[in-house]
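S.K.: Here you go, entry-v9.cif (mmCIF, C-alpha atoms):
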data_final
#
loop_
_atom_site.label_atom_id
_atom_site.label_comp_id
_atom_site.auth_asym_id
_atom_site.auth_seq_id
_atom_site.Cartn_x
_atom_site.Cartn_y
_atom_site.Cartn_z
CA MET A 1440 111.09 125.57 77.96
CA ASN A 1441 110.70 126.70 81.53
CA LEU A 1442 109.49 124.26 84.14
CA ARG A 1443 107.80 126.90 86.30
CA SER A 1444 105.70 128.30 83.47
CA ASP A 1445 104.89 124.84 82.15
CA ILE A 1446 103.60 123.84 85.60
CA LYS A 1447 101.51 126.99 85.76
CA ALA A 1448 100.07 126.42 82.30
CA ILE A 1449 99.01 122.86 83.13
CA SER A 1450 97.87 123.21 86.74
CA GLY A 1451 97.42 126.93 87.42
CA GLN A 1452 99.88 126.57 90.31
CA ASP A 1453 102.48 129.33 90.76
CA VAL A 1454 105.37 127.74 92.66
CA MET A 1455 106.88 131.17 93.35
CA LEU A 1456 104.11 131.77 95.90
CA CYS A 1457 105.75 129.22 98.20
CA PHE A 1458 107.83 130.73 101.01
CA GLN A 1459 109.06 127.41 102.37
CA CYS A 1460 107.11 127.24 105.62
CA GLY A 1461 107.19 123.43 105.38
CA GLU A 1462 103.54 122.89 106.30
CA CYS A 1463 103.12 120.58 103.28
CA SER A 1464 106.00 118.32 104.23
CA SER A 1465 104.92 118.17 107.85
CA SER A 1466 101.41 117.11 106.73
CA CYS A 1467 102.67 114.54 104.26
CA GLN A 1468 102.31 110.79 104.91
CA MET A 1469 105.07 110.15 102.38
CA ALA A 1470 107.55 112.74 103.64
CA GLY A 1471 110.94 111.22 104.27
CA TYR A 1472 110.28 108.11 102.22
CA LYS A 1473 113.11 107.86 99.68
CA GLY A 1474 113.85 111.50 100.47
CA PHE A 1475 110.44 112.69 99.29
CA SER A 1476 109.47 116.18 100.48
CA PRO A 1477 106.91 118.45 98.80
CA ALA A 1478 108.56 121.61 100.18
CA LYS A 1479 111.98 120.52 98.95
CA LEU A 1480 110.61 119.65 95.52
CA ILE A 1481 108.92 123.04 95.21
CA HIS A 1482 112.16 124.72 96.29
CA SER A 1483 114.08 122.84 93.59
CA ILE A 1484 111.61 124.04 90.99
CA GLN A 1485 111.85 127.61 92.27
CA LEU A 1486 115.60 127.39 91.78
CA GLY A 1487 115.10 126.09 88.26
CA MET A 1488 116.53 122.64 88.97
CA GLU A 1489 114.92 120.57 86.25
CA ASP A 1490 116.47 117.25 87.29
CA VAL A 1491 113.46 116.67 89.58
CA LEU A 1492 111.66 115.69 86.38
CA LYS A 1493 113.97 112.81 85.58
CA SER A 1494 113.99 111.49 89.13
CA ARG A 1495 110.19 111.01 88.95
CA ILE A 1496 110.14 111.30 92.72
CA TYR A 1497 106.94 113.42 92.50
CA GLU A 1498 105.20 110.12 91.65
CA LEU A 1499 105.29 109.33 95.37
CA CYS A 1500 102.62 112.00 95.96
CA LEU A 1501 99.47 110.18 97.10
CA HIS A 1502 97.20 113.00 95.98
CA CYS A 1503 95.59 112.98 99.43
CA PHE A 1504 95.53 116.80 99.26
CA LEU A 1505 96.11 117.24 102.99
CA CYS A 1506 98.97 119.68 102.24
CA SER A 1507 96.69 121.66 99.95
CA VAL A 1508 94.13 122.39 102.68
CA ARG A 1509 96.92 123.51 105.03
CA CYS A 1510 99.10 125.58 102.68
CA PRO A 1511 98.96 129.24 103.80
CA GLN A 1512 99.54 130.31 100.20
CA GLY A 1513 96.76 128.15 98.78
CA LEU A 1514 99.11 126.04 96.70
CA SER A 1515 98.15 122.50 95.78
CA PHE A 1516 101.22 120.30 95.64
CA PRO A 1517 99.33 117.29 94.18
CA ASP A 1518 98.37 119.43 91.19
CA ILE A 1519 102.03 120.39 90.82
CA ALA A 1520 102.97 116.69 90.95
CA THR A 1521 100.42 115.95 88.22
CA ALA A 1522 101.82 118.77 86.08
CA LEU A 1523 105.39 117.49 86.59
CA SER A 1524 104.29 114.02 85.53
CA ASN A 1525 102.51 115.33 82.42
CA ILE A 1526 105.65 117.28 81.47
CA ALA A 1527 107.89 114.26 82.05
CA VAL A 1528 105.61 112.06 79.92
CA LYS A 1529 105.86 114.59 77.08
CA ARG A 1530 109.65 114.92 77.38
CA TYR A 1531 110.75 111.39 78.14
CA GLY A 1532 107.69 109.23 77.44
CA PRO A 1533 105.34 107.57 79.92
CA GLY A 1534 106.64 105.60 82.89
CA ARG A 1535 106.00 101.88 83.13
CA PHE A 1536 102.75 102.08 85.09
CA GLU A 1537 101.28 105.02 83.18
CA LYS A 1538 101.94 103.10 79.98
CA MET A 1539 100.36 99.92 81.33
CA PHE A 1540 97.37 101.86 82.54
CA LEU A 1541 96.83 103.64 79.26
CA ASP A 1542 97.13 100.36 77.35
CA GLU A 1543 94.53 98.76 79.63
CA ILE A 1544 92.04 101.62 79.35
CA THR A 1545 92.36 101.97 75.59
CA ASP A 1546 92.06 98.20 75.20
CA LYS A 1547 89.10 97.53 77.50
CA GLY A 1548 87.74 100.92 78.51
CA PHE A 1549 87.68 99.90 82.16
CA LEU A 1550 89.99 98.57 84.83
CA ASN A 1551 89.64 95.60 87.13
CA PRO A 1552 91.91 96.62 90.04
CA ALA A 1553 92.74 93.03 90.99
CA THR A 1554 93.57 91.97 87.44
CA PHE A 1555 95.56 95.11 86.85
CA ALA A 1556 97.53 94.69 90.07
CA LEU A 1557 98.29 91.10 89.10
CA LYS A 1558 99.47 92.24 85.69
CA ALA A 1559 101.63 94.99 87.19
CA LEU A 1560 103.08 93.11 90.14
CA GLY A 1561 103.02 89.59 88.73
CA VAL A 1562 102.93 86.65 91.07
CA SER A 1563 104.33 88.79 93.87
CA LEU A 1564 100.73 89.91 94.38
CA SER A 1565 100.11 86.64 96.18
CA LYS A 1566 102.93 87.51 98.54
CA TYR A 1567 100.94 90.57 99.59
CA ALA A 1568 97.47 89.13 99.61
CA GLY A 1569 98.43 85.74 101.03
CA LEU A 1570 95.88 82.95 100.76
CA LYS A 1571 93.20 85.47 99.90
CA GLY A 1572 94.65 85.32 96.42
CA LEU A 1573 92.81 82.01 96.04
CA LYS A 1574 89.45 83.46 96.98
CA ALA A 1575 90.22 86.34 94.63
CA ALA A 1576 90.60 84.15 91.56
CA PRO A 1577 86.98 84.57 90.36
CA ILE A 1578 87.05 88.36 90.60
CA LEU A 1579 89.97 88.45 88.20
CA PHE A 1580 87.56 87.43 85.49
CA GLU A 1581 84.93 90.03 86.29
CA ARG A 1582 84.57 92.30 83.31
CA GLY A 1583 82.84 95.63 83.20
CA LYS A 1584 81.04 96.33 79.96
CA VAL A 1585 81.81 99.51 78.09
CA ARG A 1586 79.73 100.62 75.13
CA ARG A 1587 81.56 100.02 71.89
CA GLU A 1588 81.28 103.53 70.46
CA LEU A 1589 82.42 105.01 73.78
CA LEU A 1590 85.49 102.79 73.77
CA GLU A 1591 86.33 104.12 70.32
CA GLU A 1592 85.95 107.61 71.72
CA VAL A 1593 88.30 106.81 74.63
CA ARG A 1594 90.92 105.67 72.11
CA GLU A 1595 90.46 108.90 70.19
CA VAL A 1596 90.88 110.96 73.38
CA ALA A 1597 94.04 108.99 74.23
CA ARG A 1598 95.47 109.62 70.76
CA LYS A 1599 94.92 113.34 71.11
CA SER A 1600 96.28 113.76 74.64
CA MET B 1336 63.92 117.83 95.25
CA ARG B 1337 62.60 114.77 93.41
CA GLY B 1338 61.39 115.04 89.89
CA ARG B 1339 64.81 114.92 88.33
CA VAL B 1340 66.46 111.78 87.09
CA GLU B 1341 69.89 111.26 88.64
CA ALA B 1342 72.73 109.39 86.94
CA TYR B 1343 74.70 106.84 88.96
CA TYR B 1344 78.28 106.19 87.85
CA PRO B 1345 79.64 103.19 89.76
CA GLY B 1346 83.29 103.31 88.71
CA CYS B 1347 85.25 100.36 87.33
CA SER B 1348 85.82 98.59 90.62
CA ALA B 1349 82.14 98.56 91.54
CA LYS B 1350 81.55 96.69 88.28
CA THR B 1351 84.27 94.14 89.01
CA THR B 1352 85.78 93.59 92.47
CA GLU B 1353 83.34 95.76 94.47
CA ARG B 1354 79.99 94.60 93.13
CA ALA B 1355 78.54 94.41 96.63
CA TYR B 1356 79.00 98.18 96.90
CA LEU B 1357 77.02 98.83 93.73
CA LYS B 1358 74.27 96.39 94.63
CA THR B 1359 73.71 97.84 98.09
CA ALA B 1360 74.09 101.47 96.96
CA LEU B 1361 71.36 100.98 94.35
CA PHE B 1362 69.11 99.35 96.96
CA VAL B 1363 69.54 102.37 99.24
CA LEU B 1364 68.77 104.83 96.43
CA GLU B 1365 65.67 102.86 95.44
CA LYS B 1366 64.45 102.70 99.04
CA LEU B 1367 64.82 106.46 99.27
CA GLY B 1368 62.72 106.91 96.16
CA VAL B 1369 65.53 108.43 94.11
CA ASP B 1370 64.79 108.30 90.41
CA PHE B 1371 68.02 107.37 88.67
CA LYS B 1372 69.55 105.66 85.69
CA LEU B 1373 72.53 103.38 86.13
CA LEU B 1374 75.46 104.24 83.86
CA ASP B 1375 77.32 100.95 83.94
CA ASP B 1376 78.55 100.93 80.35
CA LEU B 1377 80.66 104.09 80.53
CA PRO B 1378 84.46 104.15 80.40
CA CYS B 1379 86.84 104.52 83.34
CA CYS B 1380 87.29 108.05 84.75
CA GLY B 1381 91.04 107.73 84.15
CA THR B 1382 91.85 107.93 87.85
CA LEU B 1383 95.27 109.06 89.13
CA GLU B 1384 97.29 107.05 86.61
CA GLY B 1385 95.41 108.65 83.73
CA GLU B 1386 95.91 112.08 85.22
CA LEU B 1387 99.63 111.46 85.69
CA TYR B 1388 99.82 110.41 82.04
CA SER B 1389 97.98 113.45 80.78
CA TRP B 1390 95.40 115.69 82.39
CA GLU B 1391 93.98 116.22 78.90
CA PHE B 1392 93.15 112.51 78.85
CA THR B 1393 91.07 112.56 82.06
CA LYS B 1394 89.44 115.83 80.93
CA GLY B 1395 88.37 114.04 77.76
CA LEU B 1396 86.98 111.11 79.78
CA ALA B 1397 85.10 113.44 82.15
CA LYS B 1398 83.47 115.07 79.12
CA ILE B 1399 82.27 111.69 77.83
CA ILE B 1400 80.93 110.72 81.27
CA ASN B 1401 78.99 113.96 81.86
CA ARG B 1402 77.69 114.01 78.30
CA GLU B 1403 76.32 110.48 78.60
CA ALA B 1404 74.80 111.39 81.98
CA SER B 1405 73.29 114.59 80.56
CA GLY B 1406 74.83 116.42 83.51
CA ARG B 1407 76.35 115.53 86.83
CA VAL B 1408 76.87 111.99 88.02
CA ILE B 1409 76.50 110.54 91.50
CA THR B 1410 79.25 108.09 92.36
CA GLY B 1411 80.15 105.97 95.36
CA CYS B 1412 83.84 106.08 94.48
CA SER B 1413 85.95 108.86 95.98
CA GLY B 1414 88.57 108.33 93.29
CA CYS B 1415 86.06 108.87 90.47
CA TYR B 1416 84.55 111.78 92.37
CA ASN B 1417 87.92 113.49 92.71
CA THR B 1418 89.21 112.78 89.21
CA ILE B 1419 86.02 113.79 87.39
CA ASN B 1420 85.69 117.06 89.29
CA ARG B 1421 89.37 117.95 89.00
CA SER B 1422 89.19 117.22 85.30
CA GLY B 1423 86.52 119.82 84.62
CA GLY B 1424 83.56 117.45 85.02
CA SER B 1425 80.77 117.27 87.55
CA ALA B 1426 80.31 114.52 90.12
CA THR B 1427 78.66 114.29 93.53
CA HIS B 1428 79.78 111.73 96.08
CA LEU B 1429 77.10 109.31 97.25
CA VAL B 1430 77.72 110.20 100.92
CA ASP B 1431 77.33 113.89 100.11
CA PHE B 1432 74.16 113.19 98.13
CA LEU B 1433 72.64 111.23 101.01
CA PHE B 1434 73.79 113.63 103.71
CA ARG B 1435 72.98 116.95 102.05
CA GLU B 1436 70.44 116.33 99.31
CA ILE B 1437 68.36 113.55 100.86
CA GLY B 1438 69.00 114.43 104.49
CA LEU B 1439 69.30 112.44 107.70
CA GLU B 1440 65.62 112.74 108.56
CA GLU B 1441 64.47 111.14 105.36
CA ILE B 1442 67.05 108.35 105.67
CA ALA B 1443 66.00 107.74 109.28
CA GLY B 1444 62.43 107.27 108.06
CA LYS B 1445 63.48 104.26 105.99
CA ILE B 1446 65.36 102.44 108.75
CA VAL B 1447 63.49 99.31 109.75
CA ARG B 1448 66.06 97.40 111.77
CA GLU B 1449 69.12 98.04 113.86
CA VAL B 1450 72.71 97.09 113.21
CA ASP B 1451 74.52 96.12 116.38
CA LEU B 1452 78.08 96.98 115.49
CA LYS B 1453 80.91 99.22 116.68
CA VAL B 1454 82.00 100.61 113.35
CA ALA B 1455 84.93 102.78 112.33
CA ALA B 1456 83.85 105.19 109.57
CA TYR B 1457 86.76 105.49 107.19
CA TYR B 1458 86.76 108.46 104.80
CA GLY B 1459 90.10 108.18 103.07
CA CYS B 1460 91.26 111.29 101.24
CA GLN B 1461 89.71 112.09 97.97
CA ALA B 1462 86.18 113.05 99.00
CA LEU B 1463 87.49 115.37 101.73
CA ARG B 1464 90.17 117.24 99.88
CA PRO B 1465 91.08 119.51 98.12
CA ARG B 1466 88.96 122.05 99.96
CA GLY B 1467 86.77 122.77 96.95
CA LEU B 1468 85.72 119.11 96.85
CA ALA B 1469 85.32 118.55 100.59
CA ILE B 1470 82.00 116.84 101.31
CA ASP B 1471 82.54 117.84 104.95
CA ASP B 1472 85.32 119.29 107.14
CA PRO B 1473 88.52 118.19 105.32
CA GLU B 1474 90.20 117.05 108.54
CA ASP B 1475 87.37 116.34 110.96
CA PRO B 1476 84.31 115.13 109.04
CA ARG B 1477 81.10 113.78 110.62
CA ALA B 1478 78.84 113.01 107.64
CA LEU B 1479 79.54 109.28 107.45
CA GLU B 1480 79.30 108.78 111.21
CA ASP B 1481 76.01 110.68 111.24
CA ILE B 1482 74.57 108.48 108.49
CA LEU B 1483 75.78 105.26 110.10
CA SER B 1484 74.46 106.29 113.53
CA LEU B 1485 70.93 106.23 112.10
CA THR B 1486 71.22 102.45 111.77
CA GLY B 1487 72.08 101.90 115.42
CA ALA B 1488 75.72 101.23 114.58
CA ARG B 1489 78.03 102.93 117.07
CA PRO B 1490 80.78 104.94 115.35
CA VAL B 1491 84.28 104.68 116.77
CA ASP B 1492 86.68 107.57 116.43
CA PHE B 1493 90.15 106.58 115.23
CA PRO B 1494 93.22 108.57 114.24
CA MET B 1495 93.63 107.22 110.69
CA ARG B 1496 90.10 107.86 109.49
CA THR B 1497 91.03 110.62 107.05
CA LYS B 1498 94.44 109.26 106.07
CA CYS B 1499 95.39 107.50 102.87
CA CYS B 1500 94.68 103.77 102.31
CA GLY B 1501 97.85 103.37 100.20
CA GLY B 1502 95.87 102.72 97.01
CA PRO B 1503 97.48 105.45 94.90
CA ILE B 1504 100.95 103.92 95.26
CA ALA B 1505 99.92 100.26 95.35
CA LEU B 1506 101.74 99.60 92.06
CA ARG B 1507 104.85 101.72 92.55
CA GLU B 1508 105.51 100.94 96.21
CA PRO B 1509 103.48 97.84 97.09
CA ASP B 1510 105.21 97.13 100.40
CA LEU B 1511 104.59 100.63 101.67
CA ALA B 1512 101.02 100.74 100.34
CA ILE B 1513 100.13 97.58 102.21
CA LYS B 1514 101.71 98.87 105.37
CA MET B 1515 99.53 101.97 105.04
CA ALA B 1516 96.39 99.87 104.61
CA ARG B 1517 97.32 97.82 107.67
CA ASP B 1518 97.99 100.98 109.69
CA VAL B 1519 94.44 102.15 108.99
CA VAL B 1520 92.95 98.86 110.12
CA ARG B 1521 95.14 98.61 113.20
CA SER B 1522 94.23 102.16 114.19
CA ALA B 1523 90.51 101.27 114.06
CA GLU B 1524 91.09 98.00 115.89
CA ASP B 1525 93.02 99.77 118.64
CA LYS B 1526 89.99 101.96 119.27
CA GLY B 1527 87.72 98.97 119.69
CA ALA B 1528 86.05 98.90 116.26
CA GLU B 1529 84.40 95.62 115.24
CA ALA B 1530 84.33 96.59 111.58
CA ILE B 1531 85.36 99.37 109.21
CA ALA B 1532 82.91 101.08 106.87
CA THR B 1533 84.40 102.53 103.68
CA MET B 1534 82.99 104.95 101.11
CA CYS B 1535 85.34 104.39 98.18
CA ASN B 1536 85.96 101.52 95.76
CA LEU B 1537 89.72 101.66 96.02
CA CYS B 1538 89.87 102.18 99.79
CA HIS B 1539 87.68 99.13 100.17
CA PHE B 1540 89.82 97.03 97.86
CA MET B 1541 93.01 98.04 99.66
CA LEU B 1542 91.70 97.40 103.16
CA ASP B 1543 89.73 94.25 102.38
CA PHE B 1544 92.23 92.57 100.09
CA TYR B 1545 95.45 93.35 101.91
CA THR B 1546 94.47 93.14 105.57
CA SER B 1547 92.71 90.54 107.66
CA ARG B 1548 92.16 91.85 111.18
CA LEU B 1549 88.67 93.35 110.82
CA PRO B 1550 85.64 93.00 108.51
CA ILE B 1551 85.79 95.78 105.90
CA LEU B 1552 82.27 96.79 104.86
CA HIS B 1553 80.91 99.18 102.29
CA PHE B 1554 78.93 101.77 104.26
CA THR B 1555 75.96 100.99 102.00
CA GLN B 1556 75.92 97.37 103.19
CA ILE B 1557 75.13 98.61 106.70
CA LEU B 1558 72.56 101.08 105.41
CA ALA B 1559 70.91 98.60 103.05
CA TYR B 1560 70.63 95.99 105.80
CA SER B 1561 68.98 98.47 108.14
CA MET B 1562 66.60 99.46 105.31
CA GLY B 1563 65.48 95.86 105.04
CA MET B 1564 67.68 94.28 102.38
CA PRO B 1565 67.78 90.52 103.02
CA PRO B 1566 71.17 89.60 104.56
CA ASP B 1567 71.86 87.09 101.78
CA ASP B 1568 71.63 89.87 99.19
CA LEU B 1569 74.17 92.16 100.89
CA GLY B 1570 77.14 90.50 99.27
CA LEU B 1571 78.77 89.94 102.67
CA ASP B 1572 80.32 86.69 101.53
CA GLU B 1573 81.93 88.42 98.56
CA LEU B 1574 84.10 90.24 101.09
CA PHE B 1575 87.51 88.85 101.94
CA ASN B 1576 86.77 89.60 105.59
CA PRO B 1577 83.04 88.91 106.08
CA PRO B 1578 81.53 90.10 109.36
CA ARG B 1579 80.64 87.45 111.89
CA LYS B 1580 78.13 89.55 113.78
CA GLY B 1581 75.75 92.42 113.30
CA PHE B 1582 73.68 91.29 110.32
CA GLY B 1583 71.43 88.71 111.86
CA ARG B 1584 74.41 86.38 111.87
#
Starting from the file, give its structure as structure tokens.

M.R.:
Amino acid sequence: MNLRSDIKAISGQDVMLCFQCGECSSSCQMAGYKGFSPAKLIHSIQLGMEDVLKSRIYELCLHCFLCSVRCPQGLSFPDIATALSNIAVKRYGPGRFEKMFLDEITDKGFLNPATFALKALGVSLSKYAGLKGLKAAPILFERGKVRRELLEEVREVARKS
Amino acid sequence: MRGRVEAYYPGCSAKTTERAYLKTALFVLEKLGVDFKLLDDLPCCGTLEGELYSWEFTKGLAKIINREASGRVITGCSGCYNTINRSGGSATHLVDFLFREIGLEEIAGKIVREVDLKVAAYYGCQALRPRGLAIDDPEDPRALEDILSLTGARPVDFPMRTKCCGGPIALREPDLAIKMARDVVRSAEDKGAEAIATMCNLCHFMLDFYTSRLPILHFTQILAYSMGMPPDDLGLDELFNPPRKGFGR
């Protein structure tokens, strides 16, 4: 198993094209947070350092794609981050939020962002939303309908992927 | 360009927390004489979490969505737009559809009243980038401002208009995500905006739910009002930060 070739197979991104100009990190809204740096991550992968997988730090990528429109080599770091996550899920199992999300989608077929945030963050959601949490109560019960046979199909897709 | 039946895919949030977006978007499409079917019983696109779990999963969902639509879908959600297209499917963003396929002239012809509002047009990320999916210039877009200007609303330029709302990391890093949402609103407020107009389900949820300094509108609420939708039908009171002026209020 080689991380570089796995990334290429999943995302089509060849990390060896990167010559470390740093444009991605200087465009990144997340750069510096908890040591996150797209350029540094790519460099680690170039050097074959597979511990970036376990750290799951690539999950901090917002997928805003600003770096991808500025990269002189046409690399898309968000696609690399997605590939890293897919590989980590296969090797170590899904992270907490990916698991919760998959459970929600295969259970209901849709996602209510407010309900899901409440489930994921618990009562601390009210800390963030303040008194608005009260006004939000009704929307927690809003359900989107999903056709039964399509929901079965979603479950089938989830089983296979 | 008419004669074909379009398929509108609202996205999960527009069926739950962002119903005002769906309601006003459909009004705008109807006013413009677009023939469409509403696909409101389709599954989630998988969004970023699904993609991080397995790209094969979101590819499978995109297949279901395009199959049920018998082709491309139009969606008002930048997240759905981005995920479906990057998962091998075909989606067109509502702003792109209005701007490029309907055209400003035709929209202008349906405007019956003015909106008196200094509005900050907020794009977020996922309909502008990557380059292949950019509905306009990835770093300096005008499409949304141009559409909103037709209503008499006065667009306000602000530095954060193409930056992230924090939505993608709202679960993993809630404190930071909320700070990002507040930065966007503060940036618009600093430039004198009286309201923000969004074009994405998740951007709207982040800004409206987690901040309280400005009204956060769906861009279609402004458009629908100026096309004659009765103010009581706009869903303004479903917003956490309803506007106090600009809609006959």

S.K.: Which residues of range 1395-1482 of chain B come within 12 Å of range 1546-1567 of chain B, and what is each one's closest atom pair and distance in Å (one decimal), counting all atoms listed in the file, sorted by chain and residue number, as JSON lines?

M.R.:
{"residue": "B:Gly1411", "atom": "CA", "partner": "B:Thr1555", "partner_atom": "CA", "distance": 9.3}
{"residue": "B:Cys1412", "atom": "CA", "partner": "B:His1553", "partner_atom": "CA", "distance": 10.8}
{"residue": "B:Leu1429", "atom": "CA", "partner": "B:Thr1555", "partner_atom": "CA", "distance": 9.6}
{"residue": "B:Val1430", "atom": "CA", "partner": "B:Phe1554", "partner_atom": "CA", "distance": 9.1}
{"residue": "B:Leu1433", "atom": "CA", "partner": "B:Thr1555", "partner_atom": "CA", "distance": 10.8}
{"residue": "B:Glu1441", "atom": "CA", "partner": "B:Met1562", "partner_atom": "CA", "distance": 11.9}
{"residue": "B:Ile1442", "atom": "CA", "partner": "B:Met1562", "partner_atom": "CA", "distance": 8.9}
{"residue": "B:Ala1443", "atom": "CA", "partner": "B:Met1562", "partner_atom": "CA", "distance": 9.2}
{"residue": "B:Gly1444", "atom": "CA", "partner": "B:Met1562", "partner_atom": "CA", "distance": 9.3}
{"residue": "B:Lys1445", "atom": "CA", "partner": "B:Met1562", "partner_atom": "CA", "distance": 5.8}
{"residue": "B:Ile1446", "atom": "CA", "partner": "B:Met1562", "partner_atom": "CA", "distance": 4.7}
{"residue": "B:Val1447", "atom": "CA", "partner": "B:Met1562", "partner_atom": "CA", "distance": 5.4}
{"residue": "B:Arg1448", "atom": "CA", "partner": "B:Ser1561", "partner_atom": "CA", "distance": 4.8}
{"residue": "B:Glu1449", "atom": "CA", "partner": "B:Ser1561", "partner_atom": "CA", "distance": 5.7}
{"residue": "B:Val1450", "atom": "CA", "partner": "B:Ser1561", "partner_atom": "CA", "distance": 6.4}
{"residue": "B:Asp1451", "atom": "CA", "partner": "B:Ile1557", "partner_atom": "CA", "distance": 10.0}
{"residue": "B:Leu1452", "atom": "CA", "partner": "B:Ile1557", "partner_atom": "CA", "distance": 9.4}
{"residue": "B:Lys1453", "atom": "CA", "partner": "B:Pro1550", "partner_atom": "CA", "distance": 11.3}
{"residue": "B:Val1454", "atom": "CA", "partner": "B:Leu1552", "partner_atom": "CA", "distance": 9.3}
{"residue": "B:Ala1455", "atom": "CA", "partner": "B:Ile1551", "partner_atom": "CA", "distance": 9.5}
{"residue": "B:Ala1456", "atom": "CA", "partner": "B:Phe1554", "partner_atom": "CA", "distance": 8.0}
{"residue": "B:Tyr1457", "atom": "CA", "partner": "B:Phe1554", "partner_atom": "CA", "distance": 9.2}
{"residue": "B:Tyr1458", "atom": "CA", "partner": "B:Phe1554", "partner_atom": "CA", "distance": 10.3}
{"residue": "B:Ala1478", "atom": "CA", "partner": "B:Phe1554", "partner_atom": "CA", "distance": 11.7}
{"residue": "B:Leu1479", "atom": "CA", "partner": "B:Phe1554", "partner_atom": "CA", "distance": 8.2}
{"residue": "B:Glu1480", "atom": "CA", "partner": "B:Phe1554", "partner_atom": "CA", "distance": 9.9}
{"residue": "B:Asp1481", "atom": "CA", "partner": "B:Phe1554", "partner_atom": "CA", "distance": 11.7}
{"residue": "B:Ile1482", "atom": "CA", "partner": "B:Leu1558", "partner_atom": "CA", "distance": 8.3}

S.K.: Which residue is closest to chain B? Choose from A:Glu1537, A:Asp1445, A:Asp1453, A:Glu1462 and count all atoms listed in the file.

M.R.: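 Going through A:Glu1537, A:Asp1445, A:Asp1453, A:Glu1462 one by one, the smallest distance to chain B is for A:Glu1537.
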
S.K.: Go through B:Trp1390, B:Phe1575, B:Phe1434, B:Tyr1343 and flag the residue nearest Ser1422 in chain B, using all atoms listed in the file for the distances.

M.R.: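 Counting all atoms listed in the file, the residue closest to Ser1422 in chain B is B:Trp1390.
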
S.K.: Can you tell me, as a PyMOL selection string, what residues are no more than 12 Å from Arg1598 in chain A when counting all atoms listed in the file, ignoring any on the same chain fewer than 4 positions away?

M.R.: (chain A and resi 1541-1542+1545+1591-1594) or (chain B and resi 1389+1391-1392+1395)

S.K.: Find the spatial neighbours of Val1519 in chain B, counting all atoms listed in the file, within a cut-off of 12 Å - ignore same-chain residues fewer than 5 positions away - and output them as a PDB file with C-alpha atoms, in the frame of the given file.

M.R.:
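As a result, result10.pdb now contains:
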ATOM      1  CA  ALA B1455      84.930 102.780 112.330  1.00  0.00           C
ATOM      2  CA  ALA B1456      83.850 105.190 109.570  1.00  0.00           C
ATOM      3  CA  TYR B1457      86.760 105.490 107.190  1.00  0.00           C
ATOM      4  CA  TYR B1458      86.760 108.460 104.800  1.00  0.00           C
ATOM      5  CA  GLY B1459      90.100 108.180 103.070  1.00  0.00           C
ATOM      6  CA  PHE B1493      90.150 106.580 115.230  1.00  0.00           C
ATOM      7  CA  PRO B1494      93.220 108.570 114.240  1.00  0.00           C
ATOM      8  CA  MET B1495      93.630 107.220 110.690  1.00  0.00           C
ATOM      9  CA  ARG B1496      90.100 107.860 109.490  1.00  0.00           C
ATOM     10  CA  THR B1497      91.030 110.620 107.050  1.00  0.00           C
ATOM     11  CA  LYS B1498      94.440 109.260 106.070  1.00  0.00           C
ATOM     12  CA  CYS B1499      95.390 107.500 102.870  1.00  0.00           C
ATOM     13  CA  CYS B1500      94.680 103.770 102.310  1.00  0.00           C
ATOM     14  CA  GLY B1501      97.850 103.370 100.200  1.00  0.00           C
ATOM     15  CA  ALA B1512     101.020 100.740 100.340  1.00  0.00           C
ATOM     16  CA  ILE B1513     100.130  97.580 102.210  1.00  0.00           C
ATOM     17  CA  LYS B1514     101.710  98.870 105.370  1.00  0.00           C
ATOM     18  CA  GLU B1524      91.090  98.000 115.890  1.00  0.00           C
ATOM     19  CA  ASP B1525      93.020  99.770 118.640  1.00  0.00           C
ATOM     20  CA  LYS B1526      89.990 101.960 119.270  1.00  0.00           C
ATOM     21  CA  ALA B1528      86.050  98.900 116.260  1.00  0.00           C
ATOM     22  CA  ALA B1530      84.330  96.590 111.580  1.00  0.00           C
ATOM     23  CA  ILE B1531      85.360  99.370 109.210  1.00  0.00           C
ATOM     24  CA  ALA B1532      82.910 101.080 106.870  1.00  0.00           C
ATOM     25  CA  THR B1533      84.400 102.530 103.680  1.00  0.00           C
ATOM     26  CA  CYS B1538      89.870 102.180  99.790  1.00  0.00           C
ATOM     27  CA  HIS B1539      87.680  99.130 100.170  1.00  0.00           C
ATOM     28  CA  MET B1541      93.010  98.040  99.660  1.00  0.00           C
ATOM     29  CA  LEU B1542      91.700  97.400 103.160  1.00  0.00           C
ATOM     30  CA  ASP B1543      89.730  94.250 102.380  1.00  0.00           C
ATOM     31  CA  TYR B1545      95.450  93.350 101.910  1.00  0.00           C
ATOM     32  CA  THR B1546      94.470  93.140 105.570  1.00  0.00           C
ATOM     33  CA  SER B1547      92.710  90.540 107.660  1.00  0.00           C
ATOM     34  CA  ARG B1548      92.160  91.850 111.180  1.00  0.00           C
ATOM     35  CA  LEU B1549      88.670  93.350 110.820  1.00  0.00           C
ATOM     36  CA  ILE B1551      85.790  95.780 105.900  1.00  0.00           C
TER      37      ILE B1551
END

S.K.: Quick one: which residues from chain B are at most 6 Å off chain A, using all atoms listed in the file, as a list in words?

M.R.: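 Matching residues, ligands excluded from the count: Cys1347, Ser1348, Lys1350, Thr1351, Thr1352, Asp1376, Leu1377, Pro1378, Cys1379, Glu1384, Leu1387, Tyr1388, Ser1389, Glu1391, Phe1392, Gly1395, Cys1460, Arg1464, Pro1465, Arg1466, Pro1503 and Tyr1545 of chain B.
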
S.K.: May I ask which of the residues A:Cys1460, A:Gly1451, A:Leu1442, A:Lys1473 is the closest one to Val1491 in chain A, counting only C-alpha atoms?

M.R.: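 The closest residue to Val1491 in chain A is A:Leu1442.
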